[in-house]
>>> print(open('upload05.pdb').read())   # PDB, C-alpha atoms
MODEL        1
ATOM      1  CA  MET A   7       0.000   0.000   0.000
ATOM      2  CA  THR A   8       1.456   3.385  -1.020
ATOM      3  CA  LYS A   9       2.031   5.762   1.926
ATOM      4  CA  MET A  10       1.824   8.883  -0.217
ATOM      5  CA  PRO A  11       0.819  12.122   1.546
ATOM      6  CA  GLY A  12      -2.604  13.345   0.431
ATOM      7  CA  ARG A  13      -3.940   9.851  -0.265
ATOM      8  CA  PRO A  14      -7.680   9.272   0.327
ATOM      9  CA  GLY A  15      -8.825   8.584   3.851
ATOM     10  CA  THR A  16      -6.055  10.667   5.466
ATOM     11  CA  SER A  17      -5.934  14.190   6.903
ATOM     12  CA  GLY A  18      -3.747  15.299   3.963
ATOM     13  CA  GLY A  19      -6.393  14.069   1.526
ATOM     14  CA  LEU A  20      -9.082  15.856   3.521
ATOM     15  CA  VAL A  21      -7.113  19.155   3.409
ATOM     16  CA  LEU A  22      -6.837  18.878  -0.401
ATOM     17  CA  ARG A  23     -10.585  18.187  -0.731
ATOM     18  CA  ALA A  24     -11.413  21.084   1.599
ATOM     19  CA  GLY A  25      -9.179  23.380  -0.492
ATOM     20  CA  GLN A  26     -10.924  22.317  -3.709
ATOM     21  CA  PHE A  27     -14.358  22.884  -2.187
ATOM     22  CA  VAL A  28     -13.574  26.246  -0.555
ATOM     23  CA  PHE A  29     -11.924  27.742  -3.653
ATOM     24  CA  ALA A  30     -14.655  26.418  -5.980
ATOM     25  CA  ALA A  31     -17.364  27.861  -3.688
ATOM     26  CA  ALA A  32     -15.505  31.200  -3.490
ATOM     27  CA  CYS A  33     -15.270  31.264  -7.307
ATOM     28  CA  ILE A  34     -19.019  30.621  -7.646
ATOM     29  CA  CYS A  35     -19.824  33.380  -5.093
ATOM     30  CA  ALA A  36     -17.515  35.913  -6.783
ATOM     31  CA  MET A  37     -18.921  35.170 -10.227
ATOM     32  CA  ALA A  38     -22.574  34.975  -9.149
ATOM     33  CA  SER A  39     -22.282  38.416  -7.502
ATOM     34  CA  ALA A  40     -21.114  39.943 -10.820
ATOM     35  CA  PRO A  41     -24.160  41.377 -12.618
ATOM     36  CA  GLY A  42     -24.432  40.342 -16.272
ATOM     37  CA  PHE A  43     -22.022  37.407 -16.169
ATOM     38  CA  THR A  44     -24.639  35.253 -17.904
ATOM     39  CA  SER A  45     -24.002  37.152 -21.157
ATOM     40  CA  TYR A  46     -20.626  35.402 -21.488
ATOM     41  CA  THR A  47     -20.454  31.673 -22.256
ATOM     42  CA  ALA A  48     -16.998  31.240 -20.660
ATOM     43  CA  PHE A  49     -18.230  32.576 -17.311
ATOM     44  CA  CYS A  50     -21.392  30.414 -17.372
ATOM     45  CA  TYR A  51     -19.201  27.373 -18.096
ATOM     46  CA  LEU A  52     -16.924  28.407 -15.199
ATOM     47  CA  ILE A  53     -19.892  28.444 -12.795
ATOM     48  CA  ALA A  54     -21.083  25.037 -14.073
ATOM     49  CA  SER A  55     -17.702  23.340 -13.812
ATOM     50  CA  MET A  56     -16.950  24.874 -10.407
ATOM     51  CA  GLY A  57     -20.364  23.649  -9.219
ATOM     52  CA  LEU A  58     -19.429  20.122 -10.320
ATOM     53  CA  GLN A  59     -16.015  20.474  -8.679
ATOM     54  CA  ALA A  60     -17.575  21.698  -5.405
ATOM     55  CA  LEU A  61     -20.086  18.805  -5.328
ATOM     56  CA  TRP A  62     -17.434  16.174  -6.124
ATOM     57  CA  SER A  63     -14.911  17.464  -3.570
ATOM     58  CA  LEU A  64     -17.581  17.830  -0.876
ATOM     59  CA  GLY A  65     -18.615  14.212  -1.423
ATOM     60  CA  LEU A  66     -15.017  12.997  -1.257
ATOM     61  CA  ALA A  67     -14.332  15.153   1.823
ATOM     62  CA  CYS A  68     -17.284  13.454   3.588
ATOM     63  CA  LEU A  69     -15.860  10.057   2.576
ATOM     64  CA  ASP A  70     -12.422  11.079   3.931
ATOM     65  CA  CYS A  71     -14.030  12.145   7.244
ATOM     66  CA  TYR A  72     -15.858   8.787   7.436
ATOM     67  CA  ALA A  73     -12.614   6.883   6.756
ATOM     68  CA  LEU A  74     -10.684   8.990   9.306
ATOM     69  CA  ILE A  75     -13.282   8.585  12.076
ATOM     70  CA  LEU A  76     -13.890   4.866  11.541
ATOM     71  CA  LYS A  77     -10.242   4.212  10.516
ATOM     72  CA  ARG A  78     -11.286   2.558   7.245
ATOM     73  CA  ASP A  79      -8.915   1.955   4.356
ATOM     74  CA  LEU A  80     -10.000   3.493   1.052
ATOM     75  CA  GLN A  81      -6.965   2.326  -0.972
ATOM     76  CA  GLN A  82      -8.713  -0.520  -2.768
ATOM     77  CA  ALA A  83      -8.570  -0.934  -6.525
ATOM     78  CA  PHE A  84     -12.319  -0.314  -6.986
ATOM     79  CA  PHE A  85     -12.371   2.901  -4.938
ATOM     80  CA  MET A  86      -9.122   4.155  -6.452
ATOM     81  CA  SER A  87     -10.361   3.641 -10.040
ATOM     82  CA  LEU A  88     -13.519   5.577  -9.177
ATOM     83  CA  PHE A  89     -11.533   8.407  -7.553
ATOM     84  CA  VAL A  90      -9.082   8.581 -10.461
ATOM     85  CA  VAL A  91     -11.840   8.873 -13.091
ATOM     86  CA  GLY A  92     -13.833  11.433 -11.074
ATOM     87  CA  ASP A  93     -10.784  13.472 -10.104
ATOM     88  CA  TRP A  94      -9.443  13.613 -13.643
ATOM     89  CA  VAL A  95     -12.793  14.586 -15.131
ATOM     90  CA  ALA A  96     -13.280  17.300 -12.474
ATOM     91  CA  ALA A  97      -9.695  18.571 -12.790
ATOM     92  CA  ILE A  98      -9.748  18.742 -16.605
ATOM     93  CA  LEU A  99     -13.172  20.406 -16.759
ATOM     94  CA  SER A 100     -12.264  22.989 -14.125
ATOM     95  CA  PHE A 101      -8.860  23.719 -15.686
ATOM     96  CA  ALA A 102     -10.502  24.196 -19.097
ATOM     97  CA  ALA A 103     -13.110  26.510 -17.551
ATOM     98  CA  ALA A 104     -10.486  28.513 -15.637
ATOM     99  CA  CYS A 105      -8.320  28.920 -18.752
ATOM    100  CA  SER A 106     -11.176  29.996 -20.997
ATOM    101  CA  ALA A 107     -12.404  32.479 -18.355
ATOM    102  CA  GLY A 108      -8.803  33.710 -17.987
ATOM    103  CA  GLY A 109      -8.547  34.183 -21.759
ATOM    104  CA  VAL A 110     -11.753  36.257 -21.782
ATOM    105  CA  VAL A 111     -10.679  38.350 -18.750
ATOM    106  CA  VAL A 112      -7.323  39.179 -20.396
ATOM    107  CA  LEU A 113      -9.170  40.051 -23.616
ATOM    108  CA  PHE A 114     -11.513  42.408 -21.730
ATOM    109  CA  LYS A 115      -8.694  44.107 -19.821
ATOM    110  CA  ARG A 116      -5.811  44.282 -22.283
ATOM    111  CA  ASP A 117      -7.001  43.626 -25.825
ATOM    112  CA  VAL A 118     -10.407  45.230 -26.420
ATOM    113  CA  TYR A 119     -10.405  47.486 -23.292
ATOM    114  CA  PHE A 120     -14.011  46.600 -22.357
ATOM    115  CA  CYS A 121     -13.152  47.151 -18.664
ATOM    116  CA  ARG A 122     -11.940  50.704 -19.289
ATOM    117  CA  ARG A 123     -14.699  51.599 -21.772
ATOM    118  CA  ASP A 124     -17.588  50.202 -19.731
ATOM    119  CA  PRO A 125     -17.147  50.936 -15.989
ATOM    120  CA  GLN A 126     -20.403  49.012 -15.326
ATOM    121  CA  LEU A 127     -18.681  45.740 -16.292
ATOM    122  CA  PRO A 128     -17.676  43.939 -13.055
ATOM    123  CA  CYS A 129     -14.148  43.085 -14.250
ATOM    124  CA  GLY A 130     -12.877  42.856 -10.648
ATOM    125  CA  ASN A 131     -15.346  40.067  -9.879
ATOM    126  CA  PHE A 132     -14.421  38.220 -13.084
ATOM    127  CA  GLU A 133     -10.732  38.389 -12.140
ATOM    128  CA  VAL A 134     -11.253  37.247  -8.541
ATOM    129  CA  ALA A 135     -13.501  34.365  -9.681
ATOM    130  CA  THR A 136     -10.895  33.257 -12.243
ATOM    131  CA  ALA A 137      -8.119  33.397  -9.630
ATOM    132  CA  PHE A 138     -10.176  31.234  -7.233
ATOM    133  CA  ALA A 139     -10.885  28.808 -10.085
ATOM    134  CA  PHE A 140      -7.130  28.404 -10.706
ATOM    135  CA  LEU A 141      -6.523  27.795  -6.980
ATOM    136  CA  SER A 142      -9.262  25.141  -6.951
ATOM    137  CA  CYS A 143      -7.677  23.594 -10.065
ATOM    138  CA  ALA A 144      -4.271  23.453  -8.364
ATOM    139  CA  CYS A 145      -5.718  21.467  -5.425
ATOM    140  CA  SER A 146      -7.680  19.286  -7.833
ATOM    141  CA  ALA A 147      -4.584  18.597  -9.974
ATOM    142  CA  ALA A 148      -2.628  17.576  -6.863
ATOM    143  CA  SER A 149      -5.388  15.121  -5.881
ATOM    144  CA  ALA A 150      -5.679  13.747  -9.428
ATOM    145  CA  LEU A 151      -1.915  13.153  -9.717
ATOM    146  CA  ILE A 152      -1.743  11.466  -6.291
ATOM    147  CA  MET A 153      -4.681   9.192  -7.176
ATOM    148  CA  PHE A 154      -3.180   8.263 -10.542
ATOM    149  CA  TRP A 155       0.202   7.552  -8.941
ATOM    150  CA  ILE A 156      -1.398   5.328  -6.274
ATOM    151  CA  LEU A 157      -3.505   3.460  -8.877
ATOM    152  CA  ALA A 158      -0.433   2.874 -11.064
ATOM    153  CA  SER A 159       1.528   1.531  -8.064
ATOM    154  CA  LEU A 160      -1.258  -0.755  -6.743
TER     155      LEU A 160
ATOM    156  CA  MET B  20       9.535  -3.184 -18.209
ATOM    157  CA  THR B  21       6.013  -2.034 -19.082
ATOM    158  CA  LYS B  22       4.844  -3.120 -22.545
ATOM    159  CA  MET B  23       2.341  -0.295 -22.886
ATOM    160  CA  PRO B  24       1.386   0.771 -26.433
ATOM    161  CA  GLY B  25       2.678   4.242 -27.281
ATOM    162  CA  ARG B  26       5.726   3.986 -25.018
ATOM    163  CA  PRO B  27       8.866   5.850 -26.142
ATOM    164  CA  GLY B  28      11.088   4.158 -28.699
ATOM    165  CA  THR B  29       8.215   2.281 -30.398
ATOM    166  CA  SER B  30       6.194   2.917 -33.544
ATOM    167  CA  GLY B  31       3.127   3.756 -31.404
ATOM    168  CA  GLY B  32       5.124   6.422 -29.572
ATOM    169  CA  LEU B  33       6.372   7.787 -32.884
ATOM    170  CA  VAL B  34       2.793   8.040 -34.244
ATOM    171  CA  LEU B  35       1.722  10.031 -31.152
ATOM    172  CA  ARG B  36       4.713  12.387 -31.507
ATOM    173  CA  ALA B  37       4.027  12.832 -35.220
ATOM    174  CA  GLY B  38       0.376  13.654 -34.429
ATOM    175  CA  GLN B  39       1.415  16.267 -31.866
ATOM    176  CA  PHE B  40       3.860  17.861 -34.281
ATOM    177  CA  VAL B  41       1.550  17.868 -37.322
ATOM    178  CA  PHE B  42      -1.448  19.327 -35.446
ATOM    179  CA  ALA B  43       0.702  21.932 -33.661
ATOM    180  CA  ALA B  44       2.265  22.990 -36.975
ATOM    181  CA  ALA B  45      -1.183  23.126 -38.632
ATOM    182  CA  CYS B  46      -2.436  25.301 -35.753
ATOM    183  CA  ILE B  47       0.505  27.700 -36.142
ATOM    184  CA  CYS B  48      -0.040  27.918 -39.935
ATOM    185  CA  ALA B  49      -3.792  28.552 -39.558
ATOM    186  CA  MET B  50      -3.261  31.232 -36.915
ATOM    187  CA  ALA B  51      -0.288  32.894 -38.613
ATOM    188  CA  SER B  52      -2.311  33.250 -41.826
ATOM    189  CA  ALA B  53      -5.053  35.169 -39.948
ATOM    190  CA  PRO B  54      -4.368  38.908 -40.311
ATOM    191  CA  GLY B  55      -4.491  40.820 -37.027
ATOM    192  CA  PHE B  56      -4.214  37.857 -34.661
ATOM    193  CA  THR B  57      -1.418  39.660 -32.782
ATOM    194  CA  SER B  58      -4.025  42.060 -31.308
ATOM    195  CA  TYR B  59      -5.308  39.236 -29.086
ATOM    196  CA  THR B  60      -3.190  37.906 -26.212
ATOM    197  CA  ALA B  61      -4.872  34.478 -26.207
ATOM    198  CA  PHE B  62      -3.976  33.870 -29.862
ATOM    199  CA  CYS B  63      -0.352  35.018 -29.386
ATOM    200  CA  TYR B  64      -0.078  32.651 -26.421
ATOM    201  CA  LEU B  65      -1.560  29.865 -28.571
ATOM    202  CA  ILE B  66       1.153  30.400 -31.214
ATOM    203  CA  ALA B  67       3.890  30.429 -28.530
ATOM    204  CA  SER B  68       2.715  27.274 -26.774
ATOM    205  CA  MET B  69       2.105  25.424 -30.044
ATOM    206  CA  GLY B  70       5.631  26.400 -31.126
ATOM    207  CA  LEU B  71       6.996  24.869 -27.930
ATOM    208  CA  GLN B  72       4.825  21.777 -28.444
ATOM    209  CA  ALA B  73       6.021  21.384 -32.061
ATOM    210  CA  LEU B  74       9.714  21.687 -31.063
ATOM    211  CA  TRP B  75       9.364  19.247 -28.158
ATOM    212  CA  SER B  76       7.453  16.630 -30.151
ATOM    213  CA  LEU B  77       9.816  16.922 -33.136
ATOM    214  CA  GLY B  78      12.781  16.302 -30.814
ATOM    215  CA  LEU B  79      11.110  13.295 -29.227
ATOM    216  CA  ALA B  80      10.049  11.947 -32.647
ATOM    217  CA  CYS B  81      13.713  12.065 -33.747
ATOM    218  CA  LEU B  82      14.683  10.224 -30.548
ATOM    219  CA  ASP B  83      11.975   7.594 -31.238
ATOM    220  CA  CYS B  84      13.314   7.132 -34.805
ATOM    221  CA  TYR B  85      16.848   6.715 -33.437
ATOM    222  CA  ALA B  86      15.663   4.129 -30.890
ATOM    223  CA  LEU B  87      13.617   2.267 -33.532
ATOM    224  CA  ILE B  88      16.445   2.134 -36.081
ATOM    225  CA  LEU B  89      19.197   1.180 -33.616
ATOM    226  CA  LYS B  90      16.805  -0.906 -31.446
ATOM    227  CA  ARG B  91      17.734   1.002 -28.282
ATOM    228  CA  ASP B  92      15.673   0.920 -25.093
ATOM    229  CA  LEU B  93      14.509   4.318 -23.849
ATOM    230  CA  GLN B  94      12.600   2.999 -20.802
ATOM    231  CA  GLN B  95      15.213   3.962 -18.205
ATOM    232  CA  ALA B  96      14.362   5.955 -15.091
ATOM    233  CA  PHE B  97      16.441   8.990 -16.153
ATOM    234  CA  PHE B  98      14.915   9.225 -19.644
ATOM    235  CA  MET B  99      11.410   8.552 -18.356
ATOM    236  CA  SER B 100      11.634  11.308 -15.708
ATOM    237  CA  LEU B 101      12.794  13.743 -18.385
ATOM    238  CA  PHE B 102       9.976  12.715 -20.766
ATOM    239  CA  VAL B 103       7.359  12.937 -18.018
ATOM    240  CA  VAL B 104       8.364  16.466 -16.968
ATOM    241  CA  GLY B 105       8.648  17.722 -20.565
ATOM    242  CA  ASP B 106       5.430  16.038 -21.698
ATOM    243  CA  TRP B 107       3.419  17.337 -18.768
ATOM    244  CA  VAL B 108       4.710  20.892 -19.154
ATOM    245  CA  ALA B 109       3.994  20.825 -22.912
ATOM    246  CA  ALA B 110       0.550  19.220 -22.452
ATOM    247  CA  ILE B 111      -0.575  21.631 -19.713
ATOM    248  CA  LEU B 112       0.679  24.738 -21.545
ATOM    249  CA  SER B 113      -0.930  23.705 -24.819
ATOM    250  CA  PHE B 114      -4.236  22.729 -23.166
ATOM    251  CA  ALA B 115      -4.338  26.085 -21.336
ATOM    252  CA  ALA B 116      -3.615  27.908 -24.609
ATOM    253  CA  ALA B 117      -6.246  25.924 -26.531
ATOM    254  CA  CYS B 118      -8.889  26.555 -23.844
ATOM    255  CA  SER B 119      -8.211  30.282 -23.598
ATOM    256  CA  ALA B 120      -8.271  30.601 -27.402
ATOM    257  CA  GLY B 121     -11.503  28.567 -27.426
ATOM    258  CA  GLY B 122     -13.028  30.884 -24.824
ATOM    259  CA  VAL B 123     -12.162  33.928 -26.933
ATOM    260  CA  VAL B 124     -13.463  32.342 -30.169
ATOM    261  CA  VAL B 125     -16.806  31.483 -28.517
ATOM    262  CA  LEU B 126     -16.980  35.033 -27.135
ATOM    263  CA  PHE B 127     -16.382  36.507 -30.599
ATOM    264  CA  LYS B 128     -18.946  34.238 -32.280
ATOM    265  CA  ARG B 129     -21.746  33.916 -29.747
ATOM    266  CA  ASP B 130     -21.452  36.542 -27.033
ATOM    267  CA  VAL B 131     -20.304  39.866 -28.502
ATOM    268  CA  TYR B 132     -20.944  38.988 -32.198
ATOM    269  CA  PHE B 133     -17.574  40.406 -33.350
ATOM    270  CA  CYS B 134     -17.527  37.877 -36.219
ATOM    271  CA  ARG B 135     -20.886  39.047 -37.566
ATOM    272  CA  ARG B 136     -20.230  42.768 -36.989
ATOM    273  CA  ASP B 137     -16.726  42.793 -38.474
ATOM    274  CA  PRO B 138     -16.501  40.588 -41.591
ATOM    275  CA  GLN B 139     -12.777  41.473 -41.842
ATOM    276  CA  LEU B 140     -12.084  39.461 -38.672
ATOM    277  CA  PRO B 141     -10.700  36.037 -39.735
ATOM    278  CA  CYS B 142     -12.938  34.035 -37.362
ATOM    279  CA  GLY B 143     -12.688  30.931 -39.577
ATOM    280  CA  ASN B 144      -8.902  30.844 -39.148
ATOM    281  CA  PHE B 145      -9.213  31.343 -35.390
ATOM    282  CA  GLU B 146     -11.642  28.409 -35.177
ATOM    283  CA  VAL B 147      -9.537  26.086 -37.323
ATOM    284  CA  ALA B 148      -6.374  26.953 -35.360
ATOM    285  CA  THR B 149      -8.163  26.276 -32.052
ATOM    286  CA  ALA B 150      -9.485  22.942 -33.336
ATOM    287  CA  PHE B 151      -5.956  21.878 -34.399
ATOM    288  CA  ALA B 152      -4.641  22.985 -30.988
ATOM    289  CA  PHE B 153      -7.167  20.699 -29.249
ATOM    290  CA  LEU B 154      -6.168  17.780 -31.507
ATOM    291  CA  SER B 155      -2.486  18.369 -30.681
ATOM    292  CA  CYS B 156      -3.439  18.506 -26.988
ATOM    293  CA  ALA B 157      -5.261  15.182 -27.240
ATOM    294  CA  CYS B 158      -2.126  13.458 -28.647
ATOM    295  CA  SER B 159       0.019  15.228 -26.061
ATOM    296  CA  ALA B 160      -2.265  14.171 -23.194
ATOM    297  CA  ALA B 161      -2.112  10.548 -24.367
ATOM    298  CA  SER B 162       1.712  10.677 -24.378
ATOM    299  CA  ALA B 163       1.854  12.383 -20.981
ATOM    300  CA  LEU B 164      -0.473   9.796 -19.371
ATOM    301  CA  ILE B 165       1.458   6.870 -20.879
ATOM    302  CA  MET B 166       4.792   8.315 -19.649
ATOM    303  CA  PHE B 167       3.418   8.933 -16.158
ATOM    304  CA  TRP B 168       1.965   5.413 -16.007
ATOM    305  CA  ILE B 169       5.290   3.868 -17.096
ATOM    306  CA  LEU B 170       7.267   5.990 -14.599
ATOM    307  CA  ALA B 171       4.921   5.008 -11.755
ATOM    308  CA  SER B 172       5.267   1.309 -12.672
ATOM    309  CA  LEU B 173       9.091   1.332 -13.038
TER     310      LEU B 173
ENDMDL
END
>>> encode(input="upload05.pdb", output="structure tokens")
Amino acid sequence: MTKMPGRPGTSGGLVLRAGQFVFAAACICAMASAPGFTSYTAFCYLIASMGLQALWSLGLACLDCYALILKRDLQQAFFMSLFVVGDWVAAILSFAAACSAGGVVVLFKRDVYFCRRDPQLPCGNFEVATAFAFLSCACSAASALIMFWILASL
Amino acid sequence: MTKMPGRPGTSGGLVLRAGQFVFAAACICAMASAPGFTSYTAFCYLIASMGLQALWSLGLACLDCYALILKRDLQQAFFMSLFVVGDWVAAILSFAAACSAGGVVVLFKRDVYFCRRDPQLPCGNFEVATAFAFLSCACSAASALIMFWILASL
């Protein structure tokens, strides 16, 4: 059994899941409080993928808590395959959403100057939401890599 | 030694590298032939990351040819670590570039209607270049996963 830090059913794993959930929730709050974000496909997709990420990481965090309290072992091939697939799907979707939102934010600020021309546009919220999305992605990528490494070494 | 298809130094590995190179080069050609693409940060970043991807995959394709012709084994821990780091950096950079370019293309077409309002804007080229970038990413992701799997099983 691999004793890698951050593996499921340990406090390290729980910290990673909590990070994913908190940053994804913060991203959703920042974006949802920006009026008019629904006019932009990239920002709607960001909300959707961060919602999925938040749900997935909350579920896994609950499972980690259960394993920690009852001292259960989650490193079985069936569980690990499930975690790997879910983690990779969540990580790829959220990274894609964060990058496309980042591309649009940079376009608004530096290329077409929408932020300067239209002071009503909540560019600050878009930027903060994108930054939180990248932080959530970083936690998610760490989890996904750890899971893949454990599955490959099983 | 893992006998995974697509491992370095085999014809499967060479096909993946060739795919990465061809799609990255096609993306660069499509984008470079679009007048005015330099006004958009996401498209400049796409060119830069696809250039890196093309150089990396061309180098690895040459190494695969060398290993195939001289029947050398490339599955050693030192080589594999180098391939994993390079492949992951190239795959993540090119996926980020493809997603941000995709976000901007969707914005132009569906959200702010730049393509309809300004017929001079080469939206077709932007779309084709983004599609090629995603195809190059897909080949790159396959290589990166195979390398990581082999390294974890060494």
>>> resolve_selection(input="upload05.pdb", expression="the ChimeraX specification (/B :<9) & /A", output="list in words")
Ser45, Tyr46, Thr47, Ala48, Phe101, Ala102, Ala103, Ala104, Cys105, Ser106, Ala107, Gly108, Gly109, Val110, Val112, Leu113, Arg116, Asp117, Val118, Phe154, Trp155, Ile156, Ala158 and Ser159 of chain A
>>> write_last_selection(input="upload05.pdb", atoms="C-alpha atoms", output="short mmCIF file (atom, residue, chain, number, x, y, z; two decimals), in the frame of the given file")
data_model
loop_
_atom_site.label_atom_id
_atom_site.label_comp_id
_atom_site.auth_asym_id
_atom_site.auth_seq_id
_atom_site.Cartn_x
_atom_site.Cartn_y
_atom_site.Cartn_z
CA SER A 45 -24.00 37.15 -21.16
CA TYR A 46 -20.63 35.40 -21.49
CA THR A 47 -20.45 31.67 -22.26
CA ALA A 48 -17.00 31.24 -20.66
CA PHE A 101 -8.86 23.72 -15.69
CA ALA A 102 -10.50 24.20 -19.10
CA ALA A 103 -13.11 26.51 -17.55
CA ALA A 104 -10.49 28.51 -15.64
CA CYS A 105 -8.32 28.92 -18.75
CA SER A 106 -11.18 30.00 -21.00
CA ALA A 107 -12.40 32.48 -18.36
CA GLY A 108 -8.80 33.71 -17.99
CA GLY A 109 -8.55 34.18 -21.76
CA VAL A 110 -11.75 36.26 -21.78
CA VAL A 112 -7.32 39.18 -20.40
CA LEU A 113 -9.17 40.05 -23.62
CA ARG A 116 -5.81 44.28 -22.28
CA ASP A 117 -7.00 43.63 -25.82
CA VAL A 118 -10.41 45.23 -26.42
CA PHE A 154 -3.18 8.26 -10.54
CA TRP A 155 0.20 7.55 -8.94
CA ILE A 156 -1.40 5.33 -6.27
CA ALA A 158 -0.43 2.87 -11.06
CA SER A 159 1.53 1.53 -8.06
#
>>> residues_around(input="upload05.pdb", residues="Gly92 (chain A)", least_positions_apart="3", cutoff="12 Å", atoms="all atoms listed in the file", output="list in words")
Leu58, Gln59, Leu61, Trp62, Ser63, Gly65, Leu66, Phe85, Met86, Ser87, Leu88, Phe89, Val95, Ala96, Ala97, Ile98, Leu99, Ser146, Ala147, Ser149, Ala150, Met153 and Phe154 of chain A
>>> residues_near_point(input="upload05.pdb", point="(-3.9, 14.3, -29.4)", cutoff="10 Å", atoms="all atoms listed in the file", output="ChimeraX atom specification")
/B:35-40,42-43,110,151-162
>>> atom_distance(input="upload05.pdb", atom1="CA of Tyr85 (chain B)", atom2="CA of Arg26 (chain B)")
14.2 Å
>>> atom_distance(input="upload05.pdb", atom1="CA of Pro141 (chain B)", atom2="CA of Gly55 (chain B)")
8.3 Å
>>> atom_distance(input="upload05.pdb", atom1="CA of Ile53 (chain A)", atom2="CA of Ala150 (chain B)")
23.7 Å
>>> residues_near_point(input="upload05.pdb", point="(-4.1, 12.6, 1.1)", cutoff="10 Å", atoms="all atoms listed in the file", output="MDAnalysis selection string")
chainID A and resid 9:23 70 148:149 152:153
>>> decode(input="upload05.pdb", residues="region 81-118 of chain B", atoms="C-alpha atoms", output="compact mmCIF listing (two decimals), in the first residue's frame")
# COMPACT_ATOMS: atom_id res chain seq x y z
CA CYS B 81 13.71 12.06 -33.75
CA LEU B 82 14.68 10.22 -30.55
CA ASP B 83 11.98 7.59 -31.24
CA CYS B 84 13.31 7.13 -34.81
CA TYR B 85 16.85 6.71 -33.44
CA ALA B 86 15.66 4.13 -30.89
CA LEU B 87 13.62 2.27 -33.53
CA ILE B 88 16.44 2.13 -36.08
CA LEU B 89 19.20 1.18 -33.62
CA LYS B 90 16.81 -0.91 -31.45
CA ARG B 91 17.73 1.00 -28.28
CA ASP B 92 15.67 0.92 -25.09
CA LEU B 93 14.51 4.32 -23.85
CA GLN B 94 12.60 3.00 -20.80
CA GLN B 95 15.21 3.96 -18.21
CA ALA B 96 14.36 5.95 -15.09
CA PHE B 97 16.44 8.99 -16.15
CA PHE B 98 14.91 9.23 -19.64
CA MET B 99 11.41 8.55 -18.36
CA SER B 100 11.63 11.31 -15.71
CA LEU B 101 12.79 13.74 -18.39
CA PHE B 102 9.98 12.72 -20.77
CA VAL B 103 7.36 12.94 -18.02
CA VAL B 104 8.36 16.47 -16.97
CA GLY B 105 8.65 17.72 -20.56
CA ASP B 106 5.43 16.04 -21.70
CA TRP B 107 3.42 17.34 -18.77
CA VAL B 108 4.71 20.89 -19.15
CA ALA B 109 3.99 20.82 -22.91
CA ALA B 110 0.55 19.22 -22.45
CA ILE B 111 -0.57 21.63 -19.71
CA LEU B 112 0.68 24.74 -21.54
CA SER B 113 -0.93 23.70 -24.82
CA PHE B 114 -4.24 22.73 -23.17
CA ALA B 115 -4.34 26.08 -21.34
CA ALA B 116 -3.62 27.91 -24.61
CA ALA B 117 -6.25 25.92 -26.53
CA CYS B 118 -8.89 26.56 -23.84
